[in-house]
Amino acid sequence: MSLYYFCRQFKQSVGVFPHQYITRQRIEKAQSLIYTRTRVFMISLLP
């Protein structure tokens, strides 16, 4: 499977490109950790 084909299939299935999806997931995880009073420094170390 080519990268182009994968990206198109992913977007068709999920609604966004893989990079956008991963970025959104990371932001949502960081937001949830902020609400739990996790230190920003610790959040910044997440992959």
# chains A, B, ... in the order shown; residues from 1 in each chain; ligands from 1

$ select_by_dssp --residues "chain A" --states "alpha helix (DSSP H)" --output "number ranges by chain"
A: 3-14, 18-35, 40-44

$ write_last_selection --atoms "N, CA and C atoms" --output "mmCIF file, in the first residue's frame"
data_model
loop_
_atom_site.group_PDB
_atom_site.id
_atom_site.type_symbol
_atom_site.label_atom_id
_atom_site.label_comp_id
_atom_site.auth_asym_id
_atom_site.auth_seq_id
_atom_site.Cartn_x
_atom_site.Cartn_y
_atom_site.Cartn_z
ATOM 1 N N LEU A 3 1.906 5.236 0.480
ATOM 2 C CA LEU A 3 1.612 6.257 1.483
ATOM 3 C C LEU A 3 0.446 7.128 1.028
ATOM 4 N N TYR A 4 0.434 7.492 -0.240
ATOM 5 C CA TYR A 4 -0.645 8.318 -0.788
ATOM 6 C C TYR A 4 -1.996 7.621 -0.615
ATOM 7 N N TYR A 5 -2.045 6.348 -0.969
ATOM 8 C CA TYR A 5 -3.286 5.586 -0.865
ATOM 9 C C TYR A 5 -3.733 5.484 0.595
ATOM 10 N N PHE A 6 -2.786 5.196 1.489
ATOM 11 C CA PHE A 6 -3.111 5.105 2.911
ATOM 12 C C PHE A 6 -3.708 6.413 3.421
ATOM 13 N N CYS A 7 -3.062 7.533 3.080
ATOM 14 C CA CYS A 7 -3.551 8.838 3.549
ATOM 15 C C CYS A 7 -4.953 9.117 3.039
ATOM 16 N N ARG A 8 -5.202 8.804 1.792
ATOM 17 C CA ARG A 8 -6.541 9.024 1.217
ATOM 18 C C ARG A 8 -7.584 8.133 1.898
ATOM 19 N N GLN A 9 -7.251 6.884 2.121
ATOM 20 C CA GLN A 9 -8.179 5.960 2.772
ATOM 21 C C GLN A 9 -8.430 6.380 4.219
ATOM 22 N N PHE A 10 -7.384 6.807 4.902
ATOM 23 C CA PHE A 10 -7.513 7.257 6.285
ATOM 24 C C PHE A 10 -8.440 8.464 6.346
ATOM 25 N N LYS A 11 -8.219 9.435 5.456
ATOM 26 C CA LYS A 11 -9.054 10.636 5.442
ATOM 27 C C LYS A 11 -10.508 10.287 5.133
ATOM 28 N N GLN A 12 -10.709 9.389 4.221
ATOM 29 C CA GLN A 12 -12.067 8.985 3.874
ATOM 30 C C GLN A 12 -12.749 8.303 5.063
ATOM 31 N N SER A 13 -12.005 7.532 5.821
ATOM 32 C CA SER A 13 -12.552 6.799 6.952
ATOM 33 C C SER A 13 -12.745 7.672 8.192
ATOM 34 N N VAL A 14 -11.736 8.492 8.518
ATOM 35 C CA VAL A 14 -11.737 9.248 9.772
ATOM 36 C C VAL A 14 -12.200 10.691 9.580
ATOM 37 N N PRO A 18 -3.872 11.677 8.467
ATOM 38 C CA PRO A 18 -3.242 11.078 9.651
ATOM 39 C C PRO A 18 -2.496 12.079 10.533
ATOM 40 N N HIS A 19 -1.739 12.992 9.935
ATOM 41 C CA HIS A 19 -0.984 13.963 10.727
ATOM 42 C C HIS A 19 -1.925 14.860 11.535
ATOM 43 N N GLN A 20 -3.017 15.272 10.921
ATOM 44 C CA GLN A 20 -3.999 16.099 11.626
ATOM 45 C C GLN A 20 -4.633 15.321 12.774
ATOM 46 N N TYR A 21 -4.915 14.059 12.542
ATOM 47 C CA TYR A 21 -5.517 13.214 13.569
ATOM 48 C C TYR A 21 -4.591 13.069 14.774
ATOM 49 N N ILE A 22 -3.315 12.776 14.506
ATOM 50 C CA ILE A 22 -2.348 12.603 15.594
ATOM 51 C C ILE A 22 -2.183 13.896 16.377
ATOM 52 N N THR A 23 -2.083 15.016 15.669
ATOM 53 C CA THR A 23 -1.948 16.313 16.338
ATOM 54 C C THR A 23 -3.151 16.587 17.223
ATOM 55 N N ARG A 24 -4.329 16.327 16.711
ATOM 56 C CA ARG A 24 -5.557 16.553 17.483
ATOM 57 C C ARG A 24 -5.598 15.668 18.726
ATOM 58 N N GLN A 25 -5.181 14.412 18.583
ATOM 59 C CA GLN A 25 -5.168 13.496 19.723
ATOM 60 C C GLN A 25 -4.200 13.976 20.802
ATOM 61 N N ARG A 26 -3.038 14.459 20.386
ATOM 62 C CA ARG A 26 -2.055 14.968 21.348
ATOM 63 C C ARG A 26 -2.586 16.192 22.084
ATOM 64 N N ILE A 27 -3.242 17.080 21.360
ATOM 65 C CA ILE A 27 -3.805 18.283 21.984
ATOM 66 C C ILE A 27 -4.886 17.903 22.987
ATOM 67 N N GLU A 28 -5.762 16.979 22.609
ATOM 68 C CA GLU A 28 -6.825 16.550 23.523
ATOM 69 C C GLU A 28 -6.249 15.899 24.777
ATOM 70 N N LYS A 29 -5.203 15.103 24.628
ATOM 71 C CA LYS A 29 -4.561 14.466 25.782
ATOM 72 C C LYS A 29 -3.945 15.521 26.694
ATOM 73 N N ALA A 30 -3.267 16.497 26.112
ATOM 74 C CA ALA A 30 -2.660 17.573 26.904
ATOM 75 C C ALA A 30 -3.732 18.374 27.631
ATOM 76 N N GLN A 31 -4.842 18.658 26.960
ATOM 77 C CA GLN A 31 -5.933 19.394 27.603
ATOM 78 C C GLN A 31 -6.481 18.625 28.793
ATOM 79 N N SER A 32 -6.665 17.332 28.633
ATOM 80 C CA SER A 32 -7.206 16.543 29.741
ATOM 81 C C SER A 32 -6.224 16.500 30.910
ATOM 82 N N LEU A 33 -4.935 16.468 30.625
ATOM 83 C CA LEU A 33 -3.943 16.469 31.699
ATOM 84 C C LEU A 33 -3.883 17.819 32.407
ATOM 85 N N ILE A 34 -4.104 18.888 31.673
ATOM 86 C CA ILE A 34 -4.129 20.216 32.298
ATOM 87 C C ILE A 34 -5.276 20.288 33.304
ATOM 88 N N TYR A 35 -6.410 19.708 32.950
ATOM 89 C CA TYR A 35 -7.558 19.716 33.864
ATOM 90 C C TYR A 35 -7.295 18.889 35.120
ATOM 91 N N VAL A 40 2.698 21.457 33.577
ATOM 92 C CA VAL A 40 2.895 21.699 32.152
ATOM 93 C C VAL A 40 4.216 21.095 31.676
ATOM 94 N N PHE A 41 5.230 21.162 32.517
ATOM 95 C CA PHE A 41 6.515 20.557 32.158
ATOM 96 C C PHE A 41 6.350 19.066 31.867
ATOM 97 N N MET A 42 5.603 18.362 32.681
ATOM 98 C CA MET A 42 5.398 16.928 32.482
ATOM 99 C C MET A 42 4.595 16.664 31.207
ATOM 100 N N ILE A 43 3.618 17.512 30.943
ATOM 101 C CA ILE A 43 2.815 17.364 29.724
ATOM 102 C C ILE A 43 3.697 17.554 28.495
ATOM 103 N N SER A 44 4.618 18.499 28.567
ATOM 104 C CA SER A 44 5.480 18.781 27.413
ATOM 105 C C SER A 44 6.410 17.620 27.088
#
